[in-house]
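Visitor: Got a structure for you, data26.txt, holding compact mmCIF, N, CA and C atoms.
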```
# COMPACT_ATOMS: atom_id res chain seq x y z
N MET A 17 79.03 53.34 321.26
CA MET A 17 78.00 53.04 322.24
C MET A 17 77.11 51.92 321.68
N GLU A 18 76.83 50.95 322.49
CA GLU A 18 76.00 49.81 322.09
C GLU A 18 74.53 50.22 321.97
N LEU A 19 73.80 49.50 321.15
CA LEU A 19 72.39 49.80 320.94
C LEU A 19 71.61 49.77 322.26
N MET A 20 71.85 48.77 323.10
CA MET A 20 71.10 48.68 324.35
C MET A 20 71.35 49.91 325.23
N ASP A 21 72.56 50.43 325.22
CA ASP A 21 72.84 51.65 325.99
C ASP A 21 72.04 52.82 325.43
N LEU A 22 71.99 52.91 324.10
CA LEU A 22 71.22 53.97 323.45
C LEU A 22 69.74 53.85 323.78
N LEU A 23 69.24 52.62 323.72
CA LEU A 23 67.82 52.41 324.00
C LEU A 23 67.49 52.76 325.45
N LYS A 24 68.42 52.48 326.35
CA LYS A 24 68.20 52.82 327.76
C LYS A 24 68.19 54.33 327.96
N ILE A 25 69.02 55.04 327.20
CA ILE A 25 68.99 56.51 327.25
C ILE A 25 67.62 57.00 326.80
N GLY A 26 67.15 56.46 325.67
CA GLY A 26 65.82 56.83 325.17
C GLY A 26 64.73 56.47 326.16
N ALA A 27 64.83 55.29 326.76
CA ALA A 27 63.83 54.85 327.73
C ALA A 27 63.82 55.77 328.95
N SER A 28 64.98 56.19 329.41
CA SER A 28 65.06 57.11 330.55
C SER A 28 64.41 58.45 330.21
N MET A 29 64.62 58.91 328.98
CA MET A 29 64.00 60.17 328.57
C MET A 29 62.49 60.04 328.55
N ILE A 30 62.01 58.91 328.04
CA ILE A 30 60.57 58.68 327.99
C ILE A 30 59.99 58.59 329.40
N GLN A 31 60.67 57.85 330.25
CA GLN A 31 60.20 57.66 331.62
C GLN A 31 60.22 58.99 332.39
N GLY A 32 61.15 59.87 332.05
CA GLY A 32 61.29 61.12 332.76
C GLY A 32 60.62 62.31 332.10
N ASN A 33 59.85 62.08 331.04
CA ASN A 33 59.22 63.22 330.38
C ASN A 33 58.03 63.73 331.18
N SER A 34 57.34 64.72 330.68
CA SER A 34 56.28 65.37 331.44
C SER A 34 54.92 64.68 331.33
N ASP A 35 54.82 63.59 330.58
CA ASP A 35 53.56 62.88 330.40
C ASP A 35 53.37 61.86 331.53
N ASP A 36 52.31 62.03 332.31
CA ASP A 36 52.05 61.11 333.42
C ASP A 36 51.89 59.67 332.96
N ALA A 37 51.46 59.46 331.72
CA ALA A 37 51.26 58.10 331.21
C ALA A 37 52.56 57.33 331.07
N THR A 38 53.66 58.03 330.90
CA THR A 38 54.94 57.35 330.68
C THR A 38 55.84 57.34 331.92
N THR A 39 55.59 58.21 332.88
CA THR A 39 56.49 58.31 334.02
C THR A 39 56.50 57.06 334.90
N GLY A 40 55.42 56.31 334.92
CA GLY A 40 55.38 55.12 335.77
C GLY A 40 55.76 53.83 335.06
N LEU A 41 56.14 53.93 333.79
CA LEU A 41 56.47 52.73 333.02
C LEU A 41 57.80 52.13 333.46
N ASP A 42 57.92 50.82 333.33
CA ASP A 42 59.16 50.12 333.63
C ASP A 42 60.18 50.40 332.53
N ILE A 43 61.39 50.75 332.94
CA ILE A 43 62.43 51.12 331.97
C ILE A 43 62.77 49.97 331.03
N ASN A 44 62.72 48.73 331.51
CA ASN A 44 63.01 47.58 330.66
C ASN A 44 61.91 47.38 329.61
N ASP A 45 60.66 47.67 329.99
CA ASP A 45 59.56 47.58 329.02
C ASP A 45 59.72 48.62 327.92
N ILE A 46 60.11 49.83 328.31
CA ILE A 46 60.32 50.90 327.32
C ILE A 46 61.48 50.53 326.40
N THR A 47 62.57 50.04 326.99
CA THR A 47 63.74 49.65 326.20
C THR A 47 63.37 48.58 325.19
N SER A 48 62.59 47.60 325.60
CA SER A 48 62.15 46.53 324.70
C SER A 48 61.29 47.07 323.57
N ALA A 49 60.36 47.96 323.91
CA ALA A 49 59.48 48.54 322.88
C ALA A 49 60.28 49.38 321.89
N LEU A 50 61.24 50.14 322.39
CA LEU A 50 62.10 50.93 321.50
C LEU A 50 62.92 50.04 320.59
N SER A 51 63.43 48.95 321.14
CA SER A 51 64.22 48.01 320.34
C SER A 51 63.41 47.46 319.18
N LYS A 52 62.17 47.10 319.45
CA LYS A 52 61.30 46.59 318.38
C LYS A 52 60.97 47.67 317.36
N LEU A 53 60.90 48.92 317.82
CA LEU A 53 60.53 50.03 316.95
C LEU A 53 61.67 50.47 316.04
N ILE A 54 62.86 50.65 316.60
CA ILE A 54 63.96 51.23 315.82
C ILE A 54 65.18 50.34 315.69
N GLY A 55 65.14 49.15 316.28
CA GLY A 55 66.25 48.22 316.14
C GLY A 55 66.14 47.45 314.83
N ASN A 56 67.26 46.91 314.39
CA ASN A 56 67.24 46.15 313.12
C ASN A 56 67.22 44.64 313.35
N GLY A 57 67.07 44.22 314.61
CA GLY A 57 67.02 42.79 314.92
C GLY A 57 68.39 42.14 314.99
N GLU A 58 69.44 42.90 314.70
CA GLU A 58 70.79 42.37 314.71
C GLU A 58 71.70 43.16 315.65
N GLY A 59 71.11 43.84 316.61
CA GLY A 59 71.89 44.62 317.57
C GLY A 59 72.26 46.00 317.11
N GLY A 60 71.65 46.46 316.03
CA GLY A 60 71.93 47.79 315.52
C GLY A 60 70.68 48.63 315.39
N LEU A 61 70.88 49.87 315.07
CA LEU A 61 69.80 50.82 314.85
C LEU A 61 69.36 50.73 313.40
N ASP A 62 68.06 50.70 313.16
CA ASP A 62 67.54 50.57 311.80
C ASP A 62 67.45 51.95 311.15
N LEU A 63 68.62 52.50 310.80
CA LEU A 63 68.65 53.82 310.18
C LEU A 63 68.03 53.79 308.79
N ALA A 64 68.02 52.63 308.14
CA ALA A 64 67.41 52.52 306.82
C ALA A 64 65.93 52.86 306.89
N ALA A 65 65.25 52.42 307.95
CA ALA A 65 63.83 52.73 308.11
C ALA A 65 63.63 54.23 308.30
N LEU A 66 64.52 54.84 309.06
CA LEU A 66 64.41 56.28 309.26
C LEU A 66 64.68 57.04 307.97
N VAL A 67 65.70 56.60 307.23
CA VAL A 67 66.02 57.25 305.95
C VAL A 67 64.85 57.08 304.97
N GLY A 68 64.23 55.91 304.99
CA GLY A 68 63.06 55.69 304.13
C GLY A 68 61.94 56.66 304.47
N GLY A 69 61.71 56.88 305.75
CA GLY A 69 60.70 57.84 306.19
C GLY A 69 61.05 59.26 305.77
N LEU A 70 62.34 59.55 305.71
CA LEU A 70 62.79 60.87 305.29
C LEU A 70 62.44 61.14 303.84
N SER A 71 62.83 60.20 303.01
CA SER A 71 62.69 60.43 301.58
C SER A 71 61.23 60.52 301.17
N GLN A 72 60.37 59.85 301.90
CA GLN A 72 58.96 59.85 301.55
C GLN A 72 58.19 61.02 302.15
N ASN A 73 58.72 61.63 303.20
CA ASN A 73 57.92 62.60 303.95
C ASN A 73 58.57 63.95 304.14
N GLY A 74 59.64 64.24 303.44
CA GLY A 74 60.27 65.55 303.51
C GLY A 74 60.83 65.90 304.88
N LEU A 75 61.30 64.91 305.62
CA LEU A 75 61.82 65.15 306.95
C LEU A 75 63.35 65.10 306.99
N GLY A 76 63.97 65.21 305.83
CA GLY A 76 65.42 65.08 305.74
C GLY A 76 66.19 66.06 306.60
N GLU A 77 65.77 67.32 306.62
CA GLU A 77 66.49 68.32 307.41
C GLU A 77 66.42 68.02 308.89
N ILE A 78 65.25 67.55 309.34
CA ILE A 78 65.08 67.26 310.77
C ILE A 78 65.98 66.11 311.18
N VAL A 79 65.85 64.97 310.52
CA VAL A 79 66.64 63.82 310.91
C VAL A 79 68.10 64.05 310.59
N GLY A 80 68.39 64.79 309.54
CA GLY A 80 69.78 65.14 309.22
C GLY A 80 70.45 65.89 310.37
N SER A 81 69.68 66.73 311.06
CA SER A 81 70.25 67.46 312.20
C SER A 81 70.59 66.52 313.34
N TRP A 82 69.88 65.41 313.44
CA TRP A 82 70.17 64.42 314.48
C TRP A 82 71.47 63.69 314.17
N LEU A 83 71.76 63.53 312.88
CA LEU A 83 72.96 62.81 312.46
C LEU A 83 74.21 63.67 312.56
N GLY A 84 74.04 64.97 312.47
CA GLY A 84 75.18 65.88 312.49
C GLY A 84 75.62 66.19 313.91
N ASN A 85 76.61 67.07 314.00
CA ASN A 85 77.17 67.43 315.30
C ASN A 85 76.51 68.65 315.92
N GLY A 86 75.66 69.34 315.18
CA GLY A 86 75.01 70.54 315.70
C GLY A 86 73.81 70.22 316.57
N GLU A 87 73.02 71.23 316.79
CA GLU A 87 71.82 71.08 317.61
C GLU A 87 70.78 70.22 316.90
N ASN A 88 70.08 69.40 317.66
CA ASN A 88 69.04 68.53 317.09
C ASN A 88 67.75 69.31 316.88
N ALA A 89 67.23 69.25 315.66
CA ALA A 89 65.93 69.86 315.39
C ALA A 89 64.84 69.02 316.06
N SER A 90 63.80 69.68 316.50
CA SER A 90 62.69 68.96 317.13
C SER A 90 61.79 68.37 316.04
N ILE A 91 61.00 67.40 316.45
CA ILE A 91 60.07 66.76 315.54
C ILE A 91 58.70 66.75 316.22
N SER A 92 57.67 67.04 315.46
CA SER A 92 56.32 67.08 316.04
C SER A 92 55.75 65.67 316.14
N THR A 93 54.69 65.55 316.89
CA THR A 93 54.06 64.24 317.03
C THR A 93 53.48 63.76 315.70
N ASP A 94 52.97 64.66 314.90
CA ASP A 94 52.47 64.27 313.57
C ASP A 94 53.61 63.79 312.68
N GLN A 95 54.76 64.45 312.78
CA GLN A 95 55.91 64.06 311.98
C GLN A 95 56.46 62.71 312.42
N ILE A 96 56.32 62.37 313.71
CA ILE A 96 56.73 61.05 314.20
C ILE A 96 55.95 59.98 313.44
N THR A 97 54.65 60.20 313.29
CA THR A 97 53.82 59.25 312.54
C THR A 97 54.26 59.19 311.09
N ASP A 98 54.56 60.35 310.49
CA ASP A 98 55.04 60.37 309.11
C ASP A 98 56.35 59.60 308.97
N LEU A 99 57.23 59.76 309.95
CA LEU A 99 58.55 59.14 309.90
C LEU A 99 58.50 57.64 310.09
N LEU A 100 57.76 57.19 311.10
CA LEU A 100 57.76 55.78 311.47
C LEU A 100 56.59 54.98 310.92
N GLY A 101 55.51 55.66 310.62
CA GLY A 101 54.29 54.99 310.17
C GLY A 101 53.33 54.77 311.33
N SER A 102 52.07 54.92 311.07
CA SER A 102 51.07 54.83 312.13
C SER A 102 51.01 53.43 312.75
N GLU A 103 51.27 52.40 311.94
CA GLU A 103 51.22 51.04 312.46
C GLU A 103 52.31 50.81 313.51
N LYS A 104 53.52 51.27 313.24
CA LYS A 104 54.62 51.10 314.21
C LYS A 104 54.37 51.91 315.47
N VAL A 105 53.86 53.11 315.32
CA VAL A 105 53.57 53.94 316.49
C VAL A 105 52.48 53.27 317.33
N SER A 106 51.48 52.74 316.67
CA SER A 106 50.39 52.05 317.36
C SER A 106 50.90 50.82 318.11
N GLU A 107 51.78 50.05 317.48
CA GLU A 107 52.38 48.87 318.13
C GLU A 107 53.19 49.29 319.35
N PHE A 108 53.95 50.36 319.22
CA PHE A 108 54.76 50.86 320.34
C PHE A 108 53.85 51.24 321.51
N ALA A 109 52.78 51.98 321.21
CA ALA A 109 51.83 52.38 322.25
C ALA A 109 51.20 51.17 322.91
N SER A 110 50.81 50.20 322.10
CA SER A 110 50.17 48.99 322.62
C SER A 110 51.11 48.20 323.52
N GLN A 111 52.37 48.09 323.12
CA GLN A 111 53.35 47.36 323.94
C GLN A 111 53.51 47.97 325.32
N LEU A 112 53.34 49.28 325.40
CA LEU A 112 53.53 49.97 326.67
C LEU A 112 52.22 50.25 327.39
N GLY A 113 51.10 49.98 326.74
CA GLY A 113 49.80 50.22 327.36
C GLY A 113 49.49 51.69 327.54
N ILE A 114 49.94 52.50 326.58
CA ILE A 114 49.68 53.94 326.63
C ILE A 114 48.94 54.36 325.37
N SER A 115 48.41 55.56 325.38
CA SER A 115 47.70 56.07 324.20
C SER A 115 48.70 56.37 323.08
N GLU A 116 48.19 56.42 321.87
CA GLU A 116 49.07 56.78 320.74
C GLU A 116 49.58 58.20 320.89
N LYS A 117 48.75 59.07 321.46
CA LYS A 117 49.18 60.45 321.68
C LYS A 117 50.40 60.49 322.61
N SER A 118 50.34 59.72 323.71
CA SER A 118 51.47 59.66 324.63
C SER A 118 52.69 59.03 323.96
N ALA A 119 52.46 58.00 323.16
CA ALA A 119 53.56 57.34 322.46
C ALA A 119 54.25 58.31 321.50
N LYS A 120 53.47 59.06 320.74
CA LYS A 120 54.05 60.03 319.81
C LYS A 120 54.87 61.08 320.54
N GLY A 121 54.33 61.57 321.65
CA GLY A 121 55.05 62.58 322.43
C GLY A 121 56.35 62.03 322.98
N ALA A 122 56.30 60.79 323.48
CA ALA A 122 57.49 60.15 324.04
C ALA A 122 58.55 59.97 322.97
N LEU A 123 58.13 59.54 321.79
CA LEU A 123 59.08 59.33 320.70
C LEU A 123 59.64 60.64 320.18
N ALA A 124 58.81 61.68 320.13
CA ALA A 124 59.29 62.99 319.69
C ALA A 124 60.34 63.53 320.66
N ASP A 125 60.19 63.20 321.94
CA ASP A 125 61.16 63.64 322.94
C ASP A 125 62.46 62.85 322.86
N SER A 126 62.37 61.55 322.61
CA SER A 126 63.55 60.69 322.76
C SER A 126 64.30 60.37 321.47
N LEU A 127 63.60 60.23 320.35
CA LEU A 127 64.27 59.81 319.11
C LEU A 127 65.42 60.72 318.68
N PRO A 128 65.26 62.05 318.73
CA PRO A 128 66.40 62.89 318.32
C PRO A 128 67.67 62.58 319.12
N GLN A 129 67.53 62.38 320.43
CA GLN A 129 68.70 62.09 321.26
C GLN A 129 69.29 60.72 320.97
N VAL A 130 68.43 59.72 320.77
CA VAL A 130 68.92 58.36 320.51
C VAL A 130 69.71 58.33 319.21
N VAL A 131 69.16 58.92 318.16
CA VAL A 131 69.85 58.92 316.87
C VAL A 131 71.12 59.76 316.96
N ASP A 132 71.06 60.89 317.64
CA ASP A 132 72.23 61.74 317.81
C ASP A 132 73.35 60.99 318.52
N GLN A 133 73.02 60.32 319.61
CA GLN A 133 74.01 59.55 320.37
C GLN A 133 74.56 58.39 319.54
N ALA A 134 73.72 57.78 318.72
CA ALA A 134 74.15 56.64 317.91
C ALA A 134 75.15 57.04 316.85
N THR A 135 75.11 58.30 316.46
CA THR A 135 75.92 58.73 315.33
C THR A 135 77.00 59.74 315.70
N ALA A 136 77.23 59.96 316.99
CA ALA A 136 78.20 60.97 317.43
C ALA A 136 79.53 60.31 317.79
N GLY A 137 80.61 60.84 317.26
CA GLY A 137 81.95 60.41 317.65
C GLY A 137 82.41 59.13 316.97
N GLU A 138 83.62 58.72 317.34
CA GLU A 138 84.22 57.52 316.76
C GLU A 138 83.74 56.27 317.49
N GLY A 139 83.73 55.15 316.79
CA GLY A 139 83.36 53.88 317.39
C GLY A 139 81.88 53.76 317.64
N THR A 140 81.08 54.53 316.92
CA THR A 140 79.63 54.52 317.12
C THR A 140 78.98 53.53 316.16
N ILE A 141 77.71 53.36 316.34
CA ILE A 141 76.93 52.52 315.42
C ILE A 141 77.09 53.03 313.99
N MET A 142 77.14 54.34 313.83
CA MET A 142 77.29 54.92 312.49
C MET A 142 78.60 54.48 311.86
N ASP A 143 79.69 54.48 312.62
CA ASP A 143 80.97 54.02 312.09
C ASP A 143 80.88 52.57 311.62
N GLU A 144 80.23 51.73 312.42
CA GLU A 144 80.06 50.33 312.06
C GLU A 144 79.22 50.20 310.79
N MET A 145 78.16 50.98 310.69
CA MET A 145 77.30 50.91 309.51
C MET A 145 78.02 51.40 308.26
N LEU A 146 78.78 52.48 308.40
CA LEU A 146 79.53 52.99 307.25
C LEU A 146 80.53 51.96 306.76
N ALA A 147 81.17 51.27 307.68
CA ALA A 147 82.13 50.23 307.29
C ALA A 147 81.45 49.14 306.48
N GLN A 148 80.21 48.83 306.79
CA GLN A 148 79.48 47.77 306.10
C GLN A 148 79.09 48.16 304.67
N VAL A 149 78.98 49.46 304.38
CA VAL A 149 78.56 49.88 303.04
C VAL A 149 79.69 50.54 302.25
N GLY A 150 80.93 50.38 302.70
CA GLY A 150 82.05 50.92 301.94
C GLY A 150 82.44 52.32 302.34
N GLY A 151 82.20 52.70 303.57
CA GLY A 151 82.59 54.01 304.06
C GLY A 151 81.62 55.10 303.64
N PRO A 152 81.99 56.36 303.90
CA PRO A 152 81.10 57.48 303.57
C PRO A 152 80.71 57.54 302.09
N GLN A 153 81.66 57.23 301.20
CA GLN A 153 81.34 57.28 299.77
C GLN A 153 80.32 56.20 299.40
N GLY A 154 80.45 55.01 299.97
CA GLY A 154 79.48 53.94 299.73
C GLY A 154 78.10 54.33 300.23
N ALA A 155 78.05 55.00 301.37
CA ALA A 155 76.77 55.46 301.92
C ALA A 155 76.15 56.51 301.00
N MET A 156 76.96 57.43 300.53
CA MET A 156 76.44 58.47 299.63
C MET A 156 75.93 57.86 298.33
N ASP A 157 76.64 56.87 297.80
CA ASP A 157 76.19 56.19 296.60
C ASP A 157 74.84 55.51 296.83
N MET A 158 74.72 54.85 297.99
CA MET A 158 73.47 54.16 298.32
C MET A 158 72.33 55.16 298.48
N LEU A 159 72.58 56.28 299.17
CA LEU A 159 71.54 57.29 299.34
C LEU A 159 71.16 57.92 298.01
N GLY A 160 72.16 58.13 297.15
CA GLY A 160 71.88 58.70 295.84
C GLY A 160 70.92 57.83 295.05
N LYS A 161 71.08 56.53 295.14
CA LYS A 161 70.17 55.61 294.46
C LYS A 161 68.77 55.65 295.05
N MET A 162 68.69 55.86 296.37
CA MET A 162 67.38 55.90 297.02
C MET A 162 66.57 57.11 296.62
N PHE A 163 67.24 58.23 296.38
CA PHE A 163 66.54 59.50 296.15
C PHE A 163 66.39 59.85 294.67
N ARG A 164 66.65 58.90 293.79
CA ARG A 164 66.49 59.16 292.35
C ARG A 164 65.06 59.09 291.96
```
Rewrite the coordinates I just gave you, this time as structure tokens.
Guide:
Amino acid sequence: MELMDLLKIGASMIQGNSDDATTGLDINDITSALSKLIGNGEGGLDLAALVGGLSQNGLGEIVGSWLGNGENASISTDQITDLLGSEKVSEFASQLGISEKSAKGALADSLPQVVDQATAGEGTIMDEMLAQVGGPQGAMDMLGKMFR
């Protein structure tokens, strides 16, 4: 699945959530804001930024559940800030003209699904990323160096 398709899934979730501040937003605006937040600028998902947030904030089990095939663990709005950083969350909110509280809620609703979809099945963004780092063993070696 292409990144833009994933971002549109996330944007639809944000637009359809229970927060009145996000229900009236333009789907293309949400997609653009998500792309700036979690995209790597090269048409891919910036999983390195998410992994960095994991190692620093003890969120490995939560985001790990998004990467696996099982049920996705939920993430709180405070943990969204821990994962992405307050500056990025603030920029996301500003781009959409919503409060940071609404932005955190929207991201907590959508990020687990976006990452899950990005990493599920064959031919996914995850497959492409693994190929770039030498397959699963190369990824494990890279992660091992990060967590030393």
Visitor: Could you check the closest approach to A:Gly121 for each of A:Ala49, A:Ile96, A:Lys24, A:Gln133 and tell me which residue wins, using all atoms listed in the file?
Guide: A:Ile96
Visitor: Would you kindly return, as a VMD selection string, each protein, DNA or RNA residue with an atom no farther than 9 Å from any atom of A:Ala109, considering only C-alpha atoms and excluding same-chain residues fewer than 4 positions away?
Guide: chain A and resid 49 104 to 105 113 to 120
Visitor: In Å, rounded to a single decimal, give me how far atom CA of A:Gln95 is from atom CA of A:Asp132.
Guide: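 That distance, rounded to one decimal, is 17.5 Å.
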Visitor: Just the residues within 8 Å of stretch 75-81 of chain A, please, counting only C-alpha atoms, with nothing from its chain fewer than 6 positions along; format it as a PDB file with N, CA and C atoms, in the coordinates of the input.
Guide:
```pdb
ATOM      1  N   VAL A  67      65.700  56.600 307.230  1.00  0.00           N
ATOM      2  CA  VAL A  67      66.020  57.250 305.950  1.00  0.00           C
ATOM      3  C   VAL A  67      64.850  57.080 304.970  1.00  0.00           C
ATOM      4  N   GLY A  69      61.710  56.880 305.750  1.00  0.00           N
ATOM      5  CA  GLY A  69      60.700  57.840 306.190  1.00  0.00           C
ATOM      6  C   GLY A  69      61.050  59.260 305.770  1.00  0.00           C
ATOM      7  N   GLU A  87      73.020  71.230 316.790  1.00  0.00           N
ATOM      8  CA  GLU A  87      71.820  71.080 317.610  1.00  0.00           C
ATOM      9  C   GLU A  87      70.780  70.220 316.900  1.00  0.00           C
ATOM     10  N   ASN A  88      70.080  69.400 317.660  1.00  0.00           N
ATOM     11  CA  ASN A  88      69.040  68.530 317.090  1.00  0.00           C
ATOM     12  C   ASN A  88      67.750  69.310 316.880  1.00  0.00           C
ATOM     13  N   ALA A  89      67.230  69.250 315.660  1.00  0.00           N
ATOM     14  CA  ALA A  89      65.930  69.860 315.390  1.00  0.00           C
ATOM     15  C   ALA A  89      64.840  69.020 316.060  1.00  0.00           C
ATOM     16  N   SER A  90      63.800  69.680 316.500  1.00  0.00           N
ATOM     17  CA  SER A  90      62.690  68.960 317.130  1.00  0.00           C
ATOM     18  C   SER A  90      61.790  68.370 316.040  1.00  0.00           C
ATOM     19  N   ILE A  91      61.000  67.400 316.450  1.00  0.00           N
ATOM     20  CA  ILE A  91      60.070  66.760 315.540  1.00  0.00           C
ATOM     21  C   ILE A  91      58.700  66.750 316.220  1.00  0.00           C
ATOM     22  N   GLN A  95      54.760  64.450 312.780  1.00  0.00           N
ATOM     23  CA  GLN A  95      55.910  64.060 311.980  1.00  0.00           C
ATOM     24  C   GLN A  95      56.460  62.710 312.420  1.00  0.00           C
ATOM     25  N   LEU A  99      57.230  59.760 309.950  1.00  0.00           N
ATOM     26  CA  LEU A  99      58.550  59.140 309.900  1.00  0.00           C
ATOM     27  C   LEU A  99      58.500  57.640 310.090  1.00  0.00           C
ATOM     28  N   PRO A 128      65.260  62.050 318.730  1.00  0.00           N
ATOM     29  CA  PRO A 128      66.400  62.890 318.320  1.00  0.00           C
ATOM     30  C   PRO A 128      67.670  62.580 319.120  1.00  0.00           C
TER      31      PRO A 128
END
```
Visitor: Can you tell me how far atom CA of A:Ala37 sits from atom CA of A:Ile25, in Å to one decimal?
Guide: 18.2 Å
Visitor: Out of A:Gly40, A:Gly57, A:Gly26, A:Gly74, which residue has the shortest atom-to-atom distance to A:Val130 when counting only C-alpha atoms?
Guide: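 When distances to A:Val130 are compared using only C-alpha atoms, the smallest one comes from A:Gly26.
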Visitor: Using Å and a single decimal, report how far atom C of A:Glu18 sits from atom N of A:Leu112.
Guide: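 Atom C of A:Glu18 lies 21.5 Å from atom N of A:Leu112.
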Visitor: Which residues are close to A:Asp42, i.e. within 8 Å by all atoms listed in the file, leaving aside same-chain residues fewer than 5 positions away? Reply as a list in words.
Guide: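 The filter keeps Ala27, Gln31, Thr47 and Ser48 of chain A.
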Visitor: For N, CA and C atoms, I'd like the residues from the last selection saved as a CSV table (one decimal), in the frame of the given file.
Guide:
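Ended up saving to part13.csv:
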```
chain,number,residue,atom,x,y,z
A,27,ALA,N,64.8,55.3,326.8
A,27,ALA,CA,63.8,54.8,327.7
A,27,ALA,C,63.8,55.8,329.0
A,31,GLN,N,60.7,57.8,330.2
A,31,GLN,CA,60.2,57.7,331.6
A,31,GLN,C,60.2,59.0,332.4
A,47,THR,N,62.6,50.0,327.0
A,47,THR,CA,63.7,49.6,326.2
A,47,THR,C,63.4,48.6,325.2
A,48,SER,N,62.6,47.6,325.6
A,48,SER,CA,62.2,46.5,324.7
A,48,SER,C,61.3,47.1,323.6
```
